[in-house]
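Asker: Handing over query12.pdb, PDB, C-alpha atoms.
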```pdb
ATOM      1  CA  MET F   1      71.475 138.922 143.360
ATOM      2  CA  THR F   2      73.093 135.885 144.943
ATOM      3  CA  THR F   3      75.240 135.317 141.887
ATOM      4  CA  ILE F   4      76.670 138.830 142.138
ATOM      5  CA  ALA F   5      77.441 138.346 145.829
ATOM      6  CA  GLY F   6      79.032 134.965 145.152
ATOM      7  CA  SER F   7      81.233 136.275 142.375
ATOM      8  CA  LEU F   8      82.253 139.190 144.583
ATOM      9  CA  MET F   9      83.232 136.804 147.400
ATOM     10  CA  ARG F  10      85.241 134.661 144.990
ATOM     11  CA  SER F  11      87.105 137.686 143.623
ATOM     12  CA  LEU F  12      87.901 138.829 147.147
ATOM     13  CA  GLY F  13      89.240 135.376 147.931
ATOM     14  CA  ALA F  14      91.453 135.488 144.861
ATOM     15  CA  VAL F  15      92.774 138.914 145.896
ATOM     16  CA  ALA F  16      93.489 137.624 149.415
ATOM     17  CA  GLN F  17      95.362 134.604 148.034
ATOM     18  CA  SER F  18      97.513 136.852 145.853
ATOM     19  CA  MET F  19      98.237 139.046 148.882
ATOM     20  CA  VAL F  20      99.362 136.009 150.880
ATOM     21  CA  GLN F  21     101.836 135.061 148.195
ATOM     22  CA  ALA F  22     103.096 138.644 147.636
ATOM     23  CA  THR F  23     103.541 139.792 151.264
ATOM     24  CA  PRO F  24     106.645 139.248 153.395
ATOM     25  CA  MET F  25     106.623 136.914 156.386
ATOM     26  CA  ALA F  26     105.954 139.684 158.977
ATOM     27  CA  LEU F  27     102.617 140.649 157.374
ATOM     28  CA  ARG F  28     101.534 137.208 156.306
ATOM     29  CA  GLY F  29      99.216 136.654 159.305
ATOM     30  CA  VAL F  30      97.188 139.770 158.463
ATOM     31  CA  SER F  31      96.646 138.789 154.849
ATOM     32  CA  GLN F  32      95.741 135.225 155.868
ATOM     33  CA  GLY F  33      93.088 136.653 158.151
ATOM     34  CA  LEU F  34      91.649 138.603 155.213
ATOM     35  CA  ALA F  35      91.622 135.488 153.077
ATOM     36  CA  ALA F  36      89.850 133.530 155.819
ATOM     37  CA  ARG F  37      87.165 136.191 156.111
ATOM     38  CA  ALA F  38      86.754 136.447 152.344
ATOM     39  CA  MET F  39      86.273 132.693 151.805
ATOM     40  CA  PRO F  40      83.453 131.376 154.006
ATOM     41  CA  SER F  41      84.431 127.744 153.478
ATOM     42  CA  SER F  42      87.969 128.118 154.924
ATOM     43  CA  ALA F  43      88.901 127.252 158.533
ATOM     44  CA  THR F  44      89.163 129.896 161.258
ATOM     45  CA  TRP F  45      92.539 131.612 161.418
ATOM     46  CA  THR F  46      94.392 131.736 164.749
ATOM     47  CA  PRO F  47      97.421 133.996 165.284
ATOM     48  CA  GLN F  48     100.782 132.326 165.897
ATOM     49  CA  VAL F  49     102.492 135.383 167.497
ATOM     50  CA  THR F  50     101.325 136.846 170.813
ATOM     51  CA  SER F  51     101.205 140.605 171.289
ATOM     52  CA  VAL F  52     104.199 142.036 173.143
ATOM     53  CA  ARG F  53     102.278 144.494 175.287
ATOM     54  CA  HIS F  54     100.397 141.739 177.166
ATOM     55  CA  ARG F  55     103.322 139.331 177.517
ATOM     56  CA  TYR F  56     104.542 140.422 180.970
ATOM     57  CA  HIS F  57     101.231 141.564 182.475
ATOM     58  CA  ALA F  58     101.160 138.750 185.050
ATOM     59  CA  ASP F  59     104.712 139.575 186.133
ATOM     60  CA  LYS F  60     103.762 143.223 186.485
ATOM     61  CA  LEU F  61     100.826 142.355 188.731
ATOM     62  CA  LYS F  62     103.030 140.062 190.824
ATOM     63  CA  ARG F  63     105.521 142.882 191.540
ATOM     64  CA  GLY F  64     102.818 145.106 193.044
ATOM     65  CA  PRO F  65     102.138 148.803 192.503
ATOM     66  CA  LEU F  66     104.821 151.009 190.958
ATOM     67  CA  MET F  67     106.924 152.897 193.512
ATOM     68  CA  LYS F  68     107.014 156.640 192.749
ATOM     69  CA  ASN F  69     109.013 159.376 194.503
ATOM     70  CA  TYR F  70     110.616 156.839 196.832
ATOM     71  CA  GLY F  71     112.575 158.580 199.597
ATOM     72  CA  TYR F  72     111.127 162.027 198.838
ATOM     73  CA  GLU F  73     110.175 164.006 201.926
ATOM     74  CA  ASP F  74     107.694 166.818 201.393
ATOM     75  CA  LYS F  75     108.755 169.940 203.259
ATOM     76  CA  LEU F  76     105.547 171.887 202.699
ATOM     77  CA  HIS F  77     102.783 171.786 205.303
ATOM     78  CA  THR F  78      99.454 170.899 203.718
ATOM     79  CA  LYS F  79      97.516 169.577 206.714
ATOM     80  CA  GLY F  80      95.701 172.686 207.927
ATOM     81  CA  LEU F  81      96.472 175.679 210.099
ATOM     82  CA  MET F  82      98.873 174.060 212.580
ATOM     83  CA  PRO F  83     102.588 174.853 212.083
ATOM     84  CA  HIS F  84     104.660 172.177 210.410
ATOM     85  CA  MET F  85     106.234 169.804 212.921
ATOM     86  CA  VAL F  86     109.782 168.664 212.145
ATOM     87  CA  HIS F  87     111.052 165.987 214.549
ATOM     88  CA  GLY F  88     108.462 167.033 217.141
ATOM     89  CA  LYS F  89     109.676 170.651 217.363
ATOM     90  CA  ARG F  90     107.800 173.737 216.289
ATOM     91  CA  LEU F  91     109.281 176.029 213.694
ATOM     92  CA  PRO F  92     111.106 179.023 215.200
ATOM     93  CA  ILE F  93     108.860 182.082 215.302
ATOM     94  CA  PRO F  94     110.303 185.416 216.438
ATOM     95  CA  ILE F  95     108.842 186.860 219.622
ATOM     96  CA  TYR F  96     106.510 189.772 218.918
ATOM     97  CA  ARG F  97     107.892 193.069 220.123
ATOM     98  CA  PRO F  98     105.848 196.161 219.234
ATOM     99  CA  LYS F  99     107.647 199.137 217.714
ATOM    100  CA  ASN F 100     108.383 202.097 219.912
ATOM    101  CA  SER F 101     106.307 204.817 218.251
ATOM    102  CA  TRP F 102     107.872 207.546 220.392
ATOM    103  CA  SER F 103     111.522 206.761 219.717
ATOM    104  CA  GLU F 104     113.553 209.827 218.749
ATOM    105  CA  LYS F 105     113.815 208.787 215.116
ATOM    106  CA  ARG F 106     110.049 208.274 214.693
ATOM    107  CA  ALA F 107     108.935 211.198 216.846
ATOM    108  CA  LEU F 108     111.094 213.760 215.064
ATOM    109  CA  PHE F 109     110.578 212.409 211.529
ATOM    110  CA  GLY F 110     109.779 215.251 209.107
ATOM    111  CA  GLN F 111     110.160 218.045 211.674
ATOM    112  CA  ASN F 112     112.192 220.213 209.301
ATOM    113  CA  ASP F 113     110.021 219.786 206.223
ATOM    114  CA  TYR F 114     108.541 223.284 206.427
ATOM    115  CA  ILE F 115     111.477 225.038 208.114
ATOM    116  CA  ASP F 116     111.742 227.569 205.281
ATOM    117  CA  ILE F 117     108.065 228.562 205.629
ATOM    118  CA  LEU F 118     107.624 228.414 209.402
ATOM    119  CA  GLY F 119     111.118 229.419 210.526
ATOM    120  CA  ASP F 120     112.746 232.820 210.840
ATOM    121  CA  GLY F 121     114.499 232.463 207.479
ATOM    122  CA  SER F 122     117.981 231.660 208.750
ATOM    123  CA  LEU F 123     117.708 227.925 207.892
ATOM    124  CA  LYS F 124     117.013 226.372 204.537
ATOM    125  CA  PRO F 125     115.770 222.805 203.855
ATOM    126  CA  THR F 126     119.098 221.921 202.249
ATOM    127  CA  ASP F 127     120.906 222.805 205.476
ATOM    128  CA  VAL F 128     118.923 220.255 207.493
ATOM    129  CA  ALA F 129     119.016 217.382 204.951
ATOM    130  CA  TYR F 130     121.262 215.271 207.167
ATOM    131  CA  SER F 131     120.717 211.981 205.317
ATOM    132  CA  VAL F 132     122.034 213.439 202.018
ATOM    133  CA  PRO F 133     125.835 213.469 201.442
ATOM    134  CA  HIS F 134     127.296 216.930 202.037
ATOM    135  CA  TRP F 135     128.506 217.315 198.456
ATOM    136  CA  LEU F 136     124.960 216.701 197.152
ATOM    137  CA  ARG F 137     123.021 218.980 199.495
ATOM    138  CA  GLY F 138     121.195 221.636 197.511
ATOM    139  CA  PHE F 139     122.516 220.322 194.185
ATOM    140  CA  LYS F 140     120.352 220.556 191.081
ATOM    141  CA  GLY F 141     121.545 219.285 187.711
ATOM    142  CA  ASN F 142     122.099 216.275 185.456
ATOM    143  CA  GLU F 143     124.390 213.265 185.963
ATOM    144  CA  TYR F 144     127.342 214.895 184.206
ATOM    145  CA  GLN F 145     127.220 217.952 186.463
ATOM    146  CA  MET F 146     126.796 215.742 189.541
ATOM    147  CA  LEU F 147     129.885 213.668 188.680
ATOM    148  CA  LEU F 148     131.929 216.814 188.026
ATOM    149  CA  ARG F 149     130.919 218.084 191.460
ATOM    150  CA  LYS F 150     131.836 214.763 193.080
ATOM    151  CA  ARG F 151     135.237 214.742 191.390
ATOM    152  CA  LYS F 152     135.883 218.308 192.544
ATOM    153  CA  PHE F 153     135.139 217.319 196.152
ATOM    154  CA  PHE F 154     136.968 213.949 196.301
ATOM    155  CA  HIS F 155     139.683 214.047 193.634
ATOM    156  CA  ASN F 156     142.671 213.975 196.006
ATOM    157  CA  LYS F 157     141.294 211.320 198.420
ATOM    158  CA  MET F 158     140.023 209.063 195.649
ATOM    159  CA  GLY F 159     143.346 209.273 193.821
ATOM    160  CA  GLN F 160     145.161 208.185 196.972
ATOM    161  CA  TYR F 161     142.790 205.560 198.448
ATOM    162  CA  GLN F 162     140.498 204.466 195.585
ATOM    163  CA  PRO F 163     142.323 204.859 192.259
ATOM    164  CA  THR F 164     140.086 202.344 190.447
ATOM    165  CA  LYS F 165     136.954 204.245 191.435
ATOM    166  CA  LEU F 166     138.531 207.484 190.274
ATOM    167  CA  THR F 167     139.394 205.899 186.898
ATOM    168  CA  GLU F 168     135.805 204.649 186.500
ATOM    169  CA  LEU F 169     134.486 208.090 187.490
ATOM    170  CA  ASN F 170     136.680 209.772 184.872
ATOM    171  CA  LYS F 171     135.558 207.275 182.197
ATOM    172  CA  ARG F 172     131.908 207.968 182.976
ATOM    173  CA  ILE F 173     132.484 211.729 182.879
ATOM    174  CA  HIS F 174     134.201 211.427 179.486
ATOM    175  CA  LYS F 175     131.395 209.264 178.088
ATOM    176  CA  LEU F 176     128.735 211.710 179.265
ATOM    177  CA  TYR F 177     130.796 214.622 177.898
ATOM    178  CA  VAL F 178     130.903 213.032 174.430
ATOM    179  CA  HIS F 179     127.217 212.173 174.561
ATOM    180  CA  LEU F 180     126.140 215.640 175.627
ATOM    181  CA  ASN F 181     128.307 217.304 172.975
ATOM    182  CA  GLN F 182     127.394 215.058 170.053
ATOM    183  CA  LYS F 183     123.936 213.599 170.697
ATOM    184  CA  THR F 184     121.983 216.332 172.473
ATOM    185  CA  LYS F 185     120.921 219.834 171.591
ATOM    186  CA  ASP F 186     122.090 222.711 173.680
ATOM    187  CA  TYR F 187     119.898 225.728 173.538
ATOM    188  CA  TYR F 188     122.688 228.281 173.958
ATOM    189  CA  TRP F 189     122.983 229.062 170.256
ATOM    190  CA  HIS F 190     120.011 230.845 168.819
ATOM    191  CA  LYS F 191     119.458 231.888 165.244
ATOM    192  CA  ALA F 192     119.976 235.623 164.839
TER     193      ALA F 192
END
```
As structure tokens, please, write out the structure in this file.

Answerer:
Amino acid sequence: MTTIAGSLMRSLGAVAQSMVQATPMALRGVSQGLAARAMPSSATWTPQVTSVRHRYHADKLKRGPLMKNYGYEDKLHTKGLMPHMVHGKRLPIPIYRPKNSWSEKRALFGQNDYIDILGDGSLKPTDVAYSVPHWLRGFKGNEYQMLLRKRKFFHNKMGQYQPTKLTELNKRIHKLYVHLNQKTKDYYWHKA
């Protein structure tokens, strides 16, 4: 058993010696270490090159801890429920003023919603829709019909004061006209 182990150790030593001769200078220390481990009679190998990562460790300790985010001032308040203090002043908070529930706008909101049911019949909901433009009151239809109606109402004024808007309106009407004629079905023609 010892003869097998001895011959194995000798062959490993021979392999290590051949590696030392075959390797370039940069890897020679590694192969020498293998040869020293393989041959028990050889002297202990010591490295000649120090590792780069530990070279400046003492200088790094001498400089102190690394400065991070130097000069950064955090604007968020993370210290509890108190408002953030900037230069000893509180942040501006608007003074609380409760809404007037009985103002005319709030008190009369929705008064004409059921005028057609509860009234005498002379008024219609479209007549009292004051927030809707007058040319849209009581209108029902698609975008093309709405733009035609708008052009009918404002053609002269838009041509005089807003010619660009009138041009864009006409372009949109033409585009919708083409789309409705070519891409959609109209149900006016029925098979006989």

Asker: Report the distance between atom CA of Ile117 of chain F and atom CA of Asn142 of chain F in Å, rounded to one decimal place.

Answerer: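 For atom CA of Ile117 of chain F relative to atom CA of Asn142 of chain F, the distance reads 27.5 Å.
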
Asker: Using all atoms listed in the file, which of the listed residues (F:Leu169, F:Lys105, F:Gly119, F:Thr126) sits closest to Lys140 of chain F?

Answerer: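 Between F:Leu169, F:Lys105, F:Gly119, F:Thr126, the residue approaching Lys140 of chain F most closely is F:Thr126.
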
Asker: Just say which residues the PyMOL selection byres ((chain F and resi 148-157) around 10) picks in this file, as an MDAnalysis selection string.

Answerer: chainID F and resid 134:136 139 143:147 158:163 166 169:170 173

Asker: Can you tell me how far atom CA of Gly138 of chain F sits from atom CA of Asp113 of chain F, in Å to one decimal?

Answerer: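 These two atoms are separated by 14.3 Å.
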
Asker: If you measure from atom CA of Gly80 of chain F to atom CA of Ile93 of chain F, what distance in Å do you get, rounded to one decimal?

Answerer: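 Atom CA of Gly80 of chain F sits 17.8 Å away from atom CA of Ile93 of chain F.
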
Asker: Can segment 114-125 of chain F be brought up to all heavy atoms and written out as a short mmCIF file (atom, residue, chain, number, x, y, z; two decimals), in the coordinates of the input?

Answerer:
```cif
data_model
loop_
_atom_site.label_atom_id
_atom_site.label_comp_id
_atom_site.auth_asym_id
_atom_site.auth_seq_id
_atom_site.Cartn_x
_atom_site.Cartn_y
_atom_site.Cartn_z
N TYR F 114 109.04 221.94 206.74
CA TYR F 114 108.54 223.28 206.43
C TYR F 114 109.35 224.36 207.15
O TYR F 114 108.83 225.41 207.50
CB TYR F 114 107.06 223.39 206.80
CG TYR F 114 106.21 222.43 206.03
CD1 TYR F 114 105.73 221.28 206.63
CD2 TYR F 114 105.93 222.65 204.69
CE1 TYR F 114 104.96 220.38 205.92
CE2 TYR F 114 105.17 221.76 203.97
CZ TYR F 114 104.67 220.61 204.59
OH TYR F 114 103.93 219.73 203.88
N ILE F 115 110.64 224.11 207.37
CA ILE F 115 111.48 225.04 208.11
C ILE F 115 111.63 226.37 207.38
O ILE F 115 111.73 227.44 207.99
CB ILE F 115 112.85 224.41 208.41
CG1 ILE F 115 113.58 225.17 209.52
CG2 ILE F 115 113.72 224.36 207.19
CD1 ILE F 115 113.11 224.79 210.87
N ASP F 116 111.59 226.33 206.03
CA ASP F 116 111.74 227.57 205.28
C ASP F 116 110.48 228.43 205.35
O ASP F 116 110.56 229.65 205.25
CB ASP F 116 112.12 227.26 203.83
CG ASP F 116 111.11 226.36 203.15
OD1 ASP F 116 110.41 225.61 203.87
OD2 ASP F 116 111.00 226.39 201.91
N ILE F 117 109.32 227.81 205.56
CA ILE F 117 108.06 228.56 205.63
C ILE F 117 107.81 229.04 207.06
O ILE F 117 107.45 230.19 207.30
CB ILE F 117 106.89 227.69 205.14
CG1 ILE F 117 107.11 227.29 203.68
CG2 ILE F 117 105.57 228.43 205.29
CD1 ILE F 117 106.15 226.24 203.19
N LEU F 118 107.99 228.12 208.02
CA LEU F 118 107.62 228.41 209.40
C LEU F 118 108.75 229.03 210.22
O LEU F 118 108.51 229.60 211.28
CB LEU F 118 107.15 227.13 210.10
CG LEU F 118 105.95 226.44 209.43
CD1 LEU F 118 105.69 225.11 210.09
CD2 LEU F 118 104.73 227.33 209.48
N GLY F 119 109.99 228.91 209.74
CA GLY F 119 111.12 229.42 210.53
C GLY F 119 111.33 230.92 210.34
O GLY F 119 110.54 231.61 209.68
N ASP F 120 112.44 231.39 210.92
CA ASP F 120 112.75 232.82 210.84
C ASP F 120 113.51 233.19 209.57
O ASP F 120 113.86 234.35 209.36
CB ASP F 120 113.53 233.26 212.08
CG ASP F 120 114.83 232.49 212.24
OD1 ASP F 120 115.06 231.57 211.43
OD2 ASP F 120 115.61 232.81 213.15
N GLY F 121 113.82 232.18 208.74
CA GLY F 121 114.50 232.46 207.48
C GLY F 121 115.99 232.20 207.50
O GLY F 121 116.66 232.30 206.47
N SER F 122 116.54 231.89 208.67
CA SER F 122 117.98 231.66 208.75
C SER F 122 118.36 230.25 208.26
O SER F 122 119.48 230.04 207.83
CB SER F 122 118.47 231.85 210.18
OG SER F 122 117.83 230.93 211.04
N LEU F 123 117.44 229.30 208.33
CA LEU F 123 117.71 227.92 207.89
C LEU F 123 117.00 227.63 206.57
O LEU F 123 115.90 228.14 206.32
CB LEU F 123 117.21 226.92 208.94
CG LEU F 123 118.13 226.64 210.11
CD1 LEU F 123 117.47 225.67 211.07
CD2 LEU F 123 119.45 226.06 209.65
N LYS F 124 117.62 226.82 205.78
CA LYS F 124 117.01 226.37 204.54
C LYS F 124 116.87 224.86 204.59
O LYS F 124 117.62 224.19 205.32
CB LYS F 124 117.90 226.77 203.35
CG LYS F 124 117.96 228.26 203.16
CD LYS F 124 118.76 228.60 201.94
CE LYS F 124 118.77 230.11 201.76
NZ LYS F 124 119.60 230.50 200.63
N PRO F 125 115.94 224.27 203.82
CA PRO F 125 115.77 222.80 203.86
C PRO F 125 117.03 222.05 203.49
O PRO F 125 117.27 220.95 203.97
CB PRO F 125 114.67 222.54 202.84
CG PRO F 125 113.93 223.81 202.73
CD PRO F 125 114.92 224.90 203.00
#
```
